[in-house]
file query.txt (compact mmCIF, C-alpha atoms)
# COMPACT_ATOMS: atom_id res chain seq x y z
CA MET A 1 29.51 -37.13 -22.21
CA THR A 2 31.23 -34.15 -23.88
CA ARG A 3 29.11 -32.52 -26.55
CA PRO A 4 30.70 -31.94 -29.96
CA PRO A 5 31.79 -28.33 -30.45
CA SER A 6 29.56 -26.13 -32.50
CA THR A 7 31.15 -22.77 -33.24
CA ALA A 8 34.57 -23.51 -31.73
CA ASP A 9 36.90 -26.12 -33.24
CA ALA A 10 38.34 -29.05 -31.31
CA ALA A 11 41.54 -27.23 -30.35
CA VAL A 12 39.60 -24.39 -28.78
CA VAL A 13 37.30 -26.80 -26.95
CA ASP A 14 40.24 -28.80 -25.61
CA ALA A 15 42.17 -25.71 -24.53
CA THR A 16 39.07 -24.24 -22.91
CA ALA A 17 38.42 -27.47 -21.01
CA ALA A 18 42.05 -27.55 -19.86
CA VAL A 19 41.93 -23.98 -18.55
CA SER A 20 38.63 -24.70 -16.83
CA GLY A 21 40.13 -27.82 -15.25
CA ARG A 22 43.02 -25.81 -13.79
CA LEU A 23 40.54 -23.26 -12.47
CA ASP A 24 38.64 -26.11 -10.84
CA GLN A 25 41.79 -26.95 -8.91
CA ARG A 26 41.79 -23.35 -7.61
CA LEU A 27 38.12 -23.54 -6.62
CA SER A 28 38.63 -22.56 -2.98
CA GLU A 29 40.87 -19.65 -3.95
CA ALA A 30 38.41 -18.47 -6.60
CA THR A 31 35.46 -18.76 -4.24
CA ARG A 32 37.24 -16.81 -1.52
CA ALA A 33 38.37 -14.05 -3.91
CA ILE A 34 34.88 -13.63 -5.34
CA GLN A 35 33.19 -13.68 -1.94
CA ASP A 36 35.63 -11.13 -0.48
CA LEU A 37 35.07 -8.62 -3.27
CA VAL A 38 31.30 -9.14 -3.40
CA SER A 39 31.10 -8.67 0.39
CA ARG A 40 33.04 -5.41 0.14
CA GLU A 41 31.19 -4.04 -2.88
CA SER A 42 27.71 -5.22 -1.87
CA PRO A 43 27.77 -5.69 1.92
CA ASP A 44 24.00 -6.23 2.14
CA LEU A 45 24.46 -9.58 0.38
CA ALA A 46 26.35 -10.85 3.46
CA GLY A 47 24.70 -8.84 6.21
CA ASP A 48 25.32 -11.28 9.07
CA ALA A 49 27.02 -14.62 9.71
CA PRO A 50 24.21 -16.86 8.34
CA LEU A 51 23.85 -14.72 5.22
CA ALA A 52 27.64 -14.60 4.74
CA GLN A 53 27.78 -18.41 4.92
CA LEU A 54 24.95 -18.63 2.43
CA LEU A 55 26.79 -16.23 0.11
CA ARG A 56 29.94 -18.38 0.29
CA GLU A 57 27.94 -21.45 -0.72
CA VAL A 58 26.24 -19.50 -3.52
CA VAL A 59 29.59 -18.38 -4.92
CA LEU A 60 30.96 -21.91 -4.71
CA ALA A 61 27.90 -23.40 -6.42
CA ASN A 62 27.93 -20.82 -9.22
CA VAL A 63 31.67 -21.17 -9.85
CA GLU A 64 31.40 -24.95 -9.99
CA THR A 65 28.37 -24.82 -12.28
CA CYS A 66 29.82 -22.22 -14.63
CA PHE A 67 33.23 -23.91 -14.91
CA ALA A 68 31.55 -27.28 -15.47
CA ALA A 69 29.50 -25.79 -18.31
CA ILE A 70 32.70 -24.41 -19.85
CA ARG A 71 34.65 -27.63 -19.32
CA HIS A 72 32.01 -29.86 -20.88
CA ASN A 73 30.79 -27.38 -23.52
CA ILE A 74 27.24 -27.44 -22.12
CA PRO A 75 24.90 -24.86 -23.72
CA VAL A 76 24.09 -22.14 -21.21
CA ALA A 77 20.37 -22.44 -21.97
CA GLU A 78 20.44 -25.96 -20.49
CA VAL A 79 22.17 -24.94 -17.26
CA LYS A 80 19.89 -24.73 -14.23
CA ALA A 81 20.38 -22.21 -11.46
CA PRO A 82 21.88 -23.76 -8.31
CA THR A 83 19.21 -24.29 -5.67
CA ILE A 84 21.31 -22.47 -3.10
CA ALA A 85 21.47 -19.39 -5.37
CA LEU A 86 17.68 -19.24 -5.57
CA GLU A 87 17.43 -19.61 -1.78
CA HIS A 88 19.93 -16.79 -1.29
CA ALA A 89 17.78 -14.54 -3.51
CA ARG A 90 14.71 -15.41 -1.45
CA ARG A 91 16.49 -14.60 1.81
CA LEU A 92 17.51 -11.21 0.43
CA ALA A 93 13.89 -10.53 -0.54
CA GLN A 94 12.79 -11.33 3.01
CA ARG A 95 15.37 -8.90 4.41
CA ASP A 96 14.35 -5.96 2.19
CA VAL A 97 17.70 -5.97 0.35
CA ALA A 98 17.22 -4.20 -2.99
CA VAL A 99 17.16 -6.47 -6.02
CA ASN A 100 19.69 -4.17 -7.70
CA GLU A 101 22.22 -5.21 -5.03
CA LEU A 102 21.66 -8.84 -5.95
CA VAL A 103 22.24 -8.20 -9.66
CA ARG A 104 25.27 -6.05 -8.89
CA GLY A 105 26.74 -8.87 -6.81
CA TYR A 106 26.60 -11.19 -9.82
CA ARG A 107 28.33 -8.61 -12.00
CA VAL A 108 31.10 -8.11 -9.43
CA ALA A 109 31.54 -11.87 -9.13
CA HIS A 110 31.74 -12.19 -12.90
CA ALA A 111 34.48 -9.55 -13.08
CA VAL A 112 36.60 -11.46 -10.54
CA ALA A 113 36.00 -14.76 -12.33
CA LEU A 114 37.07 -13.27 -15.68
CA ASN A 115 40.32 -12.02 -14.15
CA LEU A 116 41.02 -15.52 -12.85
CA VAL A 117 40.28 -16.94 -16.29
CA LEU A 118 42.71 -14.52 -17.93
CA ASP A 119 45.39 -15.41 -15.37
CA GLU A 120 45.05 -19.10 -16.21
CA ILE A 121 45.11 -18.48 -19.96
CA ARG A 122 48.33 -16.48 -19.58
CA ALA A 123 49.82 -19.22 -17.40
CA ALA A 124 48.97 -21.84 -20.04
CA ARG A 125 51.27 -20.08 -22.57
CA LEU A 126 48.95 -20.91 -25.45
CA ASP A 127 49.50 -19.86 -29.01
CA PRO A 128 48.32 -16.21 -29.19
CA GLU A 129 45.62 -16.98 -31.75
CA LEU A 130 44.39 -19.95 -29.76
CA ALA A 131 44.54 -17.97 -26.50
CA LEU A 132 42.39 -15.25 -28.05
CA ARG A 133 39.80 -17.78 -29.18
CA VAL A 134 39.78 -19.41 -25.74
CA VAL A 135 39.19 -16.00 -24.15
CA GLU A 136 36.33 -15.41 -26.58
CA GLN A 137 34.84 -18.84 -25.86
CA MET A 138 35.06 -18.58 -22.08
CA SER A 139 33.82 -14.99 -22.09
CA MET A 140 30.84 -15.90 -24.24
CA ILE A 141 29.87 -18.78 -21.97
CA SER A 142 30.47 -16.88 -18.73
CA PHE A 143 28.54 -13.80 -19.89
CA GLY A 144 25.68 -16.02 -20.99
CA TYR A 145 25.77 -17.86 -17.68
CA ILE A 146 25.70 -14.66 -15.61
CA ASP A 147 22.88 -13.24 -17.73
CA GLN A 148 20.80 -16.38 -17.31
CA MET A 149 21.53 -16.77 -13.60
CA SER A 150 20.66 -13.11 -13.02
CA GLN A 151 17.27 -13.68 -14.62
CA HIS A 152 16.66 -16.80 -12.51
CA VAL A 153 17.60 -15.21 -9.19
CA VAL A 154 15.70 -11.99 -9.94
CA THR A 155 12.58 -14.04 -10.70
CA ALA A 156 13.03 -15.99 -7.45
CA TYR A 157 13.56 -12.71 -5.58
CA GLN A 158 10.45 -11.05 -7.01
CA GLU A 159 8.21 -14.05 -6.40
CA GLU A 160 9.44 -14.35 -2.82
CA ARG A 161 9.16 -10.61 -2.29
CA GLU A 162 5.49 -10.64 -3.31
CA ARG A 163 4.78 -13.68 -1.14
CA TRP A 164 6.70 -12.26 1.83
CA LEU A 165 4.99 -8.88 1.66
CA GLU A 166 1.58 -10.52 1.38
CA ASN A 167 2.29 -12.65 4.44
CA ARG A 168 3.81 -9.75 6.38
CA ASN A 169 0.93 -7.46 5.49
CA ALA A 170 -1.56 -10.19 6.38
CA ARG A 171 0.12 -10.64 9.77
CA ARG A 172 0.16 -6.89 10.28
CA ALA A 173 -3.53 -6.66 9.40
CA ALA A 174 -4.35 -9.50 11.81
CA LEU A 175 -2.47 -7.75 14.63
CA VAL A 176 -4.28 -4.47 13.92
CA ARG A 177 -7.68 -6.17 13.90
CA ASP A 178 -6.86 -7.89 17.19
CA LEU A 179 -5.80 -4.53 18.58
CA LEU A 180 -9.07 -2.94 17.51
CA ASP A 181 -11.09 -5.74 19.10
CA GLY A 182 -9.02 -6.20 22.27
CA GLY A 183 -8.94 -4.61 25.69
CA ASP A 184 -6.29 -2.44 27.29
CA ILE A 185 -2.67 -3.54 27.07
CA ALA A 186 0.26 -2.60 29.27
CA GLY A 187 2.77 0.06 28.27
CA GLN A 188 5.45 -2.50 27.49
CA ASP A 189 3.02 -4.37 25.26
CA ILE A 190 2.18 -1.12 23.46
CA ASP A 191 5.86 -0.72 22.62
CA ALA A 192 6.03 -4.31 21.38
CA MET A 193 2.89 -3.85 19.30
CA THR A 194 4.28 -0.61 17.87
CA LEU A 195 7.29 -2.55 16.60
CA ALA A 196 5.14 -5.40 15.31
CA ILE A 197 2.79 -3.23 13.25
CA ARG A 198 5.45 -0.61 12.45
CA TYR A 199 3.28 2.28 13.62
CA PRO A 200 3.60 4.63 16.69
CA LEU A 201 0.59 3.72 18.83
CA GLN A 202 1.38 6.26 21.54
CA ARG A 203 0.94 9.21 19.16
CA CYS A 204 -2.22 11.15 18.34
CA HIS A 205 -4.07 9.39 15.53
CA LEU A 206 -6.21 10.56 12.64
CA ALA A 207 -8.06 7.51 11.34
CA ALA A 208 -9.78 7.32 7.98
CA VAL A 209 -11.45 5.00 5.52
CA VAL A 210 -10.46 5.61 1.91
CA TRP A 211 -12.17 3.95 -1.03
CA SER A 212 -12.17 4.18 -4.79
CA ALA A 213 -14.85 3.59 -7.38
CA THR A 214 -12.43 3.70 -10.32
CA PRO A 215 -13.47 1.07 -12.90
CA GLY A 216 -11.02 -1.83 -13.06
CA GLU A 217 -9.04 -3.40 -10.22
CA ALA A 218 -5.65 -2.17 -11.48
CA ASP A 219 -6.93 1.39 -11.88
CA ARG A 220 -8.49 1.36 -8.40
CA SER A 221 -5.24 0.16 -6.89
CA ALA A 222 -3.27 2.83 -8.74
CA ALA A 223 -5.69 5.58 -7.66
CA LEU A 224 -5.48 4.54 -4.00
CA HIS A 225 -1.69 4.20 -4.19
CA ARG A 226 -1.28 7.71 -5.60
CA PHE A 227 -3.57 9.20 -2.97
CA LEU A 228 -1.97 7.39 -0.03
CA GLY A 229 1.53 8.15 -1.31
CA ASP A 230 1.02 11.85 -0.59
CA LEU A 231 -0.80 11.39 2.71
CA ALA A 232 2.35 11.30 4.87
CA GLU A 233 3.16 14.82 3.68
CA MET A 234 0.00 16.12 5.35
CA SER A 235 1.50 15.73 8.86
CA PRO A 236 4.54 17.62 10.20
CA LEU A 237 5.78 14.26 11.53
CA ARG A 238 6.29 13.03 7.94
CA ALA A 239 5.56 9.54 9.27
CA GLU A 240 4.25 6.81 7.02
CA PRO A 241 0.55 6.13 7.60
CA LEU A 242 -0.59 2.71 8.72
CA VAL A 243 -2.61 1.24 5.84
CA ILE A 244 -4.69 -1.93 6.11
CA ALA A 245 -6.41 -3.18 2.97
CA VAL A 246 -10.04 -4.19 3.43
CA ASP A 247 -10.49 -5.22 -0.19
CA ASP A 248 -9.16 -4.07 -3.56
CA ALA A 249 -11.19 -0.85 -3.37
CA THR A 250 -11.11 0.08 0.34
CA VAL A 251 -8.39 0.70 2.93
CA TRP A 252 -8.27 1.67 6.58
CA VAL A 253 -5.71 4.37 7.34
CA TRP A 254 -4.15 5.85 10.48
CA LEU A 255 -1.97 8.95 10.24
CA PRO A 256 0.13 9.94 13.28
CA VAL A 257 -0.22 13.67 13.91
CA PRO A 258 1.08 16.16 16.51
CA GLN A 259 -1.74 16.73 18.98
CA SER A 260 -1.09 20.47 18.94
CA ASP A 261 -1.49 20.63 15.14
CA ALA A 262 -4.22 18.00 14.78
CA ALA A 263 -6.93 20.38 13.55
CA GLU A 264 -4.62 21.92 10.95
CA VAL A 265 -3.52 18.49 9.74
CA MET A 266 -7.12 17.37 9.46
CA GLY A 267 -7.85 20.41 7.30
CA ARG A 268 -4.96 19.52 5.00
CA VAL A 269 -6.09 15.91 4.77
CA ARG A 270 -9.63 17.01 3.90
CA ALA A 271 -8.33 19.38 1.21
CA HIS A 272 -6.09 16.61 -0.17
CA ALA A 273 -9.07 14.25 -0.43
CA GLU A 274 -11.35 16.86 -2.01
CA ALA A 275 -8.70 17.53 -4.67
CA ALA A 276 -7.98 13.85 -5.31
CA GLY A 277 -10.38 13.38 -8.20
CA GLU A 278 -13.82 12.01 -8.79
CA HIS A 279 -13.05 8.38 -7.95
CA ILE A 280 -11.64 8.80 -4.41
CA TRP A 281 -13.77 9.16 -1.26
CA MET A 282 -12.66 9.56 2.33
CA ALA A 283 -14.33 9.19 5.73
CA ILE A 284 -12.40 10.67 8.67
CA GLY A 285 -12.50 10.24 12.43
CA ALA A 286 -11.42 12.87 14.94
CA PRO A 287 -7.72 13.16 15.89
CA LEU A 288 -7.40 11.36 19.24
CA PRO A 289 -4.38 10.31 21.36
CA GLY A 290 -3.03 6.95 22.47
CA LEU A 291 -4.37 3.44 22.08
CA ASP A 292 -7.93 4.47 22.96
CA GLY A 293 -7.69 7.24 20.38
CA PHE A 294 -6.39 4.76 17.80
CA ARG A 295 -9.53 2.69 18.29
CA ARG A 296 -12.06 5.49 18.75
CA SER A 297 -10.93 7.53 15.76
CA HIS A 298 -11.23 4.37 13.66
CA GLN A 299 -14.75 3.73 14.96
CA GLN A 300 -15.69 7.28 14.02
CA ALA A 301 -14.21 6.86 10.55
CA LEU A 302 -16.20 3.64 10.08
CA ALA A 303 -19.37 5.46 11.14
CA ALA A 304 -18.68 8.26 8.66
CA HIS A 305 -18.02 5.62 6.01
CA ARG A 306 -21.39 3.97 6.71
CA VAL A 307 -23.14 7.30 6.24
CA ALA A 308 -21.26 8.06 3.03
CA THR A 309 -21.83 4.65 1.48
CA GLY A 310 -25.46 4.68 2.61
CA SER A 311 -26.06 7.90 0.70
CA ALA A 312 -27.00 7.80 -2.96
CA ALA A 313 -24.83 10.88 -3.53
CA PRO A 314 -22.02 10.86 -0.92
CA GLN A 315 -19.87 13.88 -0.24
CA ARG A 316 -16.23 13.60 -1.31
CA VAL A 317 -15.16 13.80 2.36
CA SER A 318 -17.26 12.81 5.37
CA ALA A 319 -15.82 13.63 8.79
CA ALA A 320 -16.99 12.58 12.24
CA ASP A 321 -17.07 16.19 13.40
CA ASP A 322 -19.30 17.31 10.52
CA ASP A 323 -22.53 18.67 11.95
CA GLY A 324 -24.95 15.84 12.69
CA LEU A 325 -22.96 13.09 10.96
CA SER A 326 -22.32 10.96 14.05
CA ALA A 327 -26.00 11.07 14.99
CA ALA A 328 -26.96 10.20 11.42
CA ALA A 329 -24.64 7.19 11.58
CA LEU A 330 -26.39 5.89 14.69
CA LEU A 331 -29.87 6.53 13.31
CA GLY A 332 -29.17 5.18 9.83
CA ALA A 333 -28.17 1.64 10.76
CA ASP A 334 -31.40 0.37 9.16
CA LEU A 335 -32.03 2.52 6.08
CA ASP A 336 -35.31 0.81 5.20
CA ALA A 337 -36.73 1.61 8.62
CA ALA A 338 -35.22 5.10 8.49
CA ARG A 339 -36.84 5.75 5.10
CA ALA A 340 -40.26 4.68 6.35
CA TRP A 341 -39.94 6.82 9.48
CA VAL A 342 -38.69 9.90 7.57
CA ASN A 343 -41.68 9.68 5.24
CA GLU A 344 -44.05 9.35 8.19
CA VAL A 345 -42.57 12.43 9.87
CA LEU A 346 -42.11 14.72 6.86
CA GLY A 347 -44.94 13.57 4.63
CA PRO A 348 -44.76 15.06 1.10
CA LEU A 349 -41.69 17.10 2.15
CA ALA A 350 -39.71 13.82 2.03
CA CYS A 351 -39.82 13.77 -1.77
CA ALA A 352 -36.65 13.58 -3.89
CA THR A 353 -37.17 16.80 -5.86
CA GLU A 354 -34.94 19.88 -6.05
CA GLY A 355 -37.72 22.09 -4.71
CA ASP A 356 -38.33 19.89 -1.68
CA GLU A 357 -34.58 19.64 -1.09
CA ARG A 358 -34.31 23.43 -0.89
CA LEU A 359 -37.29 23.62 1.48
CA ARG A 360 -35.83 20.88 3.72
CA GLY A 361 -32.50 22.71 3.83
CA THR A 362 -34.18 25.97 4.82
CA LEU A 363 -36.25 24.31 7.54
CA ARG A 364 -33.23 22.40 8.91
CA VAL A 365 -31.18 25.60 9.29
CA PHE A 366 -34.16 27.45 10.78
CA LEU A 367 -34.70 24.79 13.46
CA GLY A 368 -30.94 24.52 14.04
CA THR A 369 -30.73 28.22 14.90
CA GLY A 370 -33.45 27.96 17.54
CA SER A 371 -36.25 28.97 15.15
CA SER A 372 -34.68 32.38 14.59
CA PHE A 373 -35.63 33.86 11.22
CA LYS A 374 -32.88 36.44 11.53
CA ALA A 375 -30.08 33.97 12.41
CA ALA A 376 -31.19 31.49 9.77
CA GLY A 377 -31.45 34.26 7.17
CA GLU A 378 -27.92 35.42 7.93
CA LYS A 379 -26.62 31.89 7.61
CA LEU A 380 -28.38 31.28 4.30
CA HIS A 381 -28.01 34.88 3.05
CA TYR A 382 -31.78 35.37 2.86
CA HIS A 383 -33.86 38.37 3.92
CA VAL A 384 -35.98 37.75 7.02
CA ASN A 385 -39.19 37.96 4.98
CA THR A 386 -37.80 35.43 2.51
CA MET A 387 -36.98 33.11 5.39
CA LYS A 388 -40.51 33.41 6.77
CA TYR A 389 -41.96 32.62 3.35
CA ARG A 390 -39.73 29.58 2.78
CA VAL A 391 -40.34 28.15 6.27
CA ARG A 392 -44.08 28.58 5.77
CA ARG A 393 -43.85 26.78 2.41
CA ALA A 394 -41.91 23.90 4.01
CA VAL A 395 -44.50 23.51 6.76
CA GLU A 396 -47.32 23.63 4.21
CA ARG A 397 -45.54 21.01 2.10
CA ARG A 398 -45.23 18.77 5.14
CA GLY A 399 -48.96 19.11 5.72
CA ARG A 400 -49.01 19.83 9.47
CA PRO A 401 -47.38 22.16 12.01
CA ILE A 402 -43.99 21.36 13.52
CA ASP A 403 -44.64 22.60 17.06
CA GLU A 404 -45.74 19.28 18.54
CA ASP A 405 -43.01 17.02 17.07
CA ARG A 406 -40.23 19.48 16.44
CA LEU A 407 -37.47 17.04 17.58
CA ASP A 408 -38.71 14.33 15.22
CA VAL A 409 -38.73 16.83 12.37
CA GLU A 410 -35.15 17.91 13.12
CA ILE A 411 -33.95 14.30 13.19
CA ALA A 412 -35.78 13.45 9.97
CA LEU A 413 -34.28 16.49 8.25
CA LEU A 414 -30.84 15.45 9.50
CA LEU A 415 -31.27 12.01 7.94
CA CYS A 416 -32.39 13.60 4.69
CA HIS A 417 -29.34 15.85 4.68
CA TRP A 418 -26.86 12.99 5.10
CA TYR A 419 -28.54 10.12 3.27
CA GLY A 420 -30.37 12.04 0.57
CA PRO A 421 -32.37 9.91 -1.89
CA SER A 422 -31.68 6.78 0.18
CA VAL A 423 -34.33 7.89 2.72
CA LEU A 424 -36.58 9.86 0.34
CA ARG A 425 -39.43 8.72 -1.83
CA PRO A 426 -39.27 9.14 -5.61
CA PRO A 427 -40.98 12.17 -7.18
CA ASP A 428 -44.69 11.78 -7.79
call {"tool": "encode", "arguments": {"input": "query.txt", "output": "structure tokens"}}
result
Amino acid sequence: MTRPPSTADAAVVDATAAVSGRLDQRLSEATRAIQDLVSRESPDLAGDAPLAQLLREVVLANVETCFAAIRHNIPVAEVKAPTIALEHARRLAQRDVAVNELVRGYRVAHAVALNLVLDEIRAARLDPELALRVVEQMSMISFGYIDQMSQHVVTAYQEERERWLENRNARRAALVRDLLDGGDIAGQDIDAMTLAIRYPLQRCHLAAVVWSATPGEADRSAALHRFLGDLAEMSPLRAEPLVIAVDDATVWVWLPVPQSDAAEVMGRVRAHAEAAGEHIWMAIGAPLPGLDGFRRSHQQALAAHRVATGSAAPQRVSAADDDGLSAAALLGADLDAARAWVNEVLGPLACATEGDERLRGTLRVFLGTGSSFKAAGEKLHYHVNTMKYRVRRAVERRGRPIDEDRLDVEIALLLCHWYGPSVLRPPD
């Protein structure tokens, strides 16, 4: 049933309906004209035969719906988006076509439709005043229709885009986890997997674990996004890193690097992490080549991450090639047992005080230089006599000589260095 006109009088409504009716008779022509121009101006909207067919049906559905709204004076707010138009928007989201192209396509289509409307109004030879009011009426409805349809299809696009990316990222993460857990694969399968996860597996890889302690989920996500956004610039390859989310605060990362420049790239990555701010931490594996390197570097990064997160005061960057870190990772799997053993070996020296920390550091360097007072003094910038005094104080604090269990003492000091208060006893 035709609704009574609101702002337009009966003559305008009748003339508008008549023009719309004649346009309806030219539906195929109008659809073809709109599709041709949209395809030329926004080719991504009709990228292949199935998408082109879908676009044709979208144009047809929108033209029919819009002209019907004009013909029957239906308020634009009550017009629903054609189902096929929403599906077209979803397909574009799945194909990584920019949403701006979708909106632009609707504007181009509207321009063609308006020209067809003007042609029909001229052909109707209406009274000039009436013709002007019909133009105003049809323009108002068509602009309102395009505005509303644009909102509907953009919403459908964005919702599908989020869902599609989540599914694609979930599939990518599943493939990566299978790759980390699986055995060797043939060269052809490596190429196929490279395409599937969108990462060059045959390169040299620098794996890392990056995490944030920024309060608030949104802030953590933003902090990680900013940090990872600059990571590709660290490698001369300028390749996007492979990023797999573990949770909202932690990600696994692989950066492809030239094997010849791996050490330099690792230095830049470390500097980038150290300058990232107080809420970003990074654990890094060694740069290693091929599929085995992809897995091994990741294992090393996980080990460094365990050490860092096991420490009460982790360093900003923990790397697998840091002195003693890999051994500390193996020995610190059970921190409760490690704490008990460290206290048995070091006695009172395993106390969480600044004085004991300095003595432990001195003794660790002394033993690490082969018990050379001179070499240790040069490393710590102490005079030989100062070194002798500090080593003697450390041994006295321990309560017994170190000659008989020197290796145990070195290991205990290593655990203290990397895990800090987590393996120490509170101050007396």
call {"tool": "residues_near_point", "arguments": {"input": "query.txt", "point": "(-9.4, 7.9, 18.3)", "cutoff": "10 Å", "atoms": "only C-alpha atoms", "output": "MDAnalysis selection string"}}
result
chainID A and resid 204:207 254 285:301
call {"tool": "axis_aligned_box", "arguments": {"input": "query.txt", "around": "region 366-378 of chain A", "padding_each_side": "3 Å", "output": "AutoDock Vina command-line options"}}
result
--center_x -32.1 --center_y 30.5 --center_z 12.4 --size_x 14.3 --size_y 17.9 --size_z 16.4
call {"tool": "closest_residue", "arguments": {"input": "query.txt", "among": "A:Phe373, A:Phe67, A:Trp281, A:Trp341", "to": "Leu23 (chain A)", "atoms": "only C-alpha atoms"}}
result
A:Phe67
call {"tool": "atom_distance", "arguments": {"input": "query.txt", "atom1": "CA of Leu118 (chain A)", "atom2": "CA of Gln151 (chain A)"}}
result
25.7 Å
call {"tool": "atom_distance", "arguments": {"input": "query.txt", "atom1": "CA of Ala352 (chain A)", "atom2": "CA of Ala394 (chain A)"}}
result
14.0 Å
call {"tool": "closest_residue", "arguments": {"input": "query.txt", "among": "A:Val269, A:Leu424, A:Leu407, A:Leu380", "to": "Leu335 (chain A)", "atoms": "all atoms listed in the file"}}
result
A:Leu424
call {"tool": "closest_residue", "arguments": {"input": "query.txt", "among": "A:Ser139, A:Val153, A:Ala308, A:Arg406", "to": "Gly368 (chain A)", "atoms": "all atoms listed in the file"}}
result
A:Arg406
call {"tool": "closest_residue", "arguments": {"input": "query.txt", "among": "A:Ile244, A:Val59, A:Ala68, A:Leu86", "to": "Glu166 (chain A)", "atoms": "all atoms listed in the file"}}
result
A:Ile244
call {"tool": "atom_distance", "arguments": {"input": "query.txt", "atom1": "CA of Glu233 (chain A)", "atom2": "CA of Val253 (chain A)"}}
result
14.2 Å
call {"tool": "closest_residue", "arguments": {"input": "query.txt", "among": "A:Val134, A:Ile84, A:Leu102, A:Leu413", "to": "Ile121 (chain A)", "atoms": "all atoms listed in the file"}}
result
A:Val134
call {"tool": "residues_around", "arguments": {"input": "query.txt", "residues": "Glu159 (chain A)", "least_positions_apart": "5", "cutoff": "12 Å", "atoms": "all atoms listed in the file", "output": "VMD selection string"}}
result
chain A and resid 86 to 87 89 to 94 99 152 to 154 164 to 166
call {"tool": "closest_residue", "arguments": {"input": "query.txt", "among": "A:Gln259, A:Ala239, A:Gln35, A:Met387", "to": "His110 (chain A)", "atoms": "all atoms listed in the file"}}
result
A:Gln35
call {"tool": "residues_around", "arguments": {"input": "query.txt", "residues": "Val423 (chain A)", "least_positions_apart": "2", "cutoff": "8 Å", "atoms": "all atoms listed in the file", "output": "list in words"}}
result
Leu335, Asp336, Ala338, Arg339, Ala340, Val342, Asn343, Leu415, Cys416, Tyr419, Gly420, Pro421 and Arg425 of chain A
call {"tool": "residues_around", "arguments": {"input": "query.txt", "residues": "region 48-56 of chain A", "least_positions_apart": "3", "cutoff": "12 Å", "atoms": "only C-alpha atoms", "output": "number ranges by chain"}}
result
A: 27-40, 42-45, 59-63, 83-92, 94-95, 97, 102, 105-106, 109
call {"tool": "closest_atom_pairs", "arguments": {"input": "query.txt", "of": "region 119-210 of chain A", "to": "region 8-17 of chain A", "cutoff": "9 Å", "atoms": "only C-alpha atoms", "output": "Markdown table"}}
result
| residue | atom | partner | partner_atom | distance |
| --- | --- | --- | --- | --- |
| A:Ile121 | CA | A:Thr16 | CA | 8.9 |
| A:Leu126 | CA | A:Ala15 | CA | 8.4 |
| A:Leu130 | CA | A:Val12 | CA | 6.6 |
| A:Ala131 | CA | A:Ala15 | CA | 8.3 |
| A:Arg133 | CA | A:Val12 | CA | 6.6 |
| A:Val134 | CA | A:Thr16 | CA | 5.6 |
| A:Val135 | CA | A:Thr16 | CA | 8.3 |
| A:Gln137 | CA | A:Thr16 | CA | 7.5 |
| A:Met138 | CA | A:Thr16 | CA | 7.0 |
call {"tool": "residues_around", "arguments": {"input": "query.txt", "residues": "Thr386 (chain A)", "least_positions_apart": "2", "cutoff": "12 Å", "atoms": "only C-alpha atoms", "output": "number ranges by chain"}}
result
A: 359, 362, 373-374, 376-378, 380-384, 388-393
call {"tool": "decode", "arguments": {"input": "query.txt", "residues": "region 124-154 of chain A", "atoms": "C-alpha atoms", "output": "JSON list (two decimals), in the first residue's frame"}}
result
[["chain", "number", "residue", "atom", "x", "y", "z"],
["A", 124, "ALA", "CA", 9.06, 12.98, -19.14],
["A", 125, "ARG", "CA", 8.85, 16.68, -20.20],
["A", 126, "LEU", "CA", 7.43, 17.69, -16.82],
["A", 127, "ASP", "CA", 6.59, 21.21, -15.83],
["A", 128, "PRO", "CA", 9.93, 22.82, -14.86],
["A", 129, "GLU", "CA", 8.82, 23.48, -11.28],
["A", 130, "LEU", "CA", 7.48, 19.96, -10.91],
["A", 131, "ALA", "CA", 10.60, 18.49, -12.53],
["A", 132, "LEU", "CA", 12.79, 20.36, -10.04],
["A", 133, "ARG", "CA", 10.78, 19.02, -7.11],
["A", 134, "VAL", "CA", 10.94, 15.49, -8.51],
["A", 135, "VAL", "CA", 14.72, 15.80, -8.80],
["A", 136, "GLU", "CA", 14.87, 17.00, -5.21],
["A", 137, "GLN", "CA", 12.64, 14.16, -4.03],
["A", 138, "MET", "CA", 14.51, 11.41, -5.87],
["A", 139, "SER", "CA", 17.89, 12.83, -4.90],
["A", 140, "MET", "CA", 16.90, 13.01, -1.25],
["A", 141, "ILE", "CA", 15.71, 9.41, -1.23],
["A", 142, "SER", "CA", 18.65, 8.06, -3.24],
["A", 143, "PHE", "CA", 21.26, 9.88, -1.14],
["A", 144, "GLY", "CA", 19.59, 8.60, 2.01],
["A", 145, "TYR", "CA", 19.49, 5.09, 0.58],
["A", 146, "ILE", "CA", 23.18, 5.10, -0.39],
["A", 147, "ASP", "CA", 24.16, 6.51, 3.00],
["A", 148, "GLN", "CA", 22.19, 3.84, 4.84],
["A", 149, "MET", "CA", 23.34, 0.99, 2.59],
["A", 150, "SER", "CA", 26.96, 2.11, 2.97],
["A", 151, "GLN", "CA", 26.62, 1.89, 6.74],
["A", 152, "HIS", "CA", 25.05, -1.58, 6.52],
["A", 153, "VAL", "CA", 27.67, -3.03, 4.16],
["A", 154, "VAL", "CA", 30.57, -1.45, 6.06]]
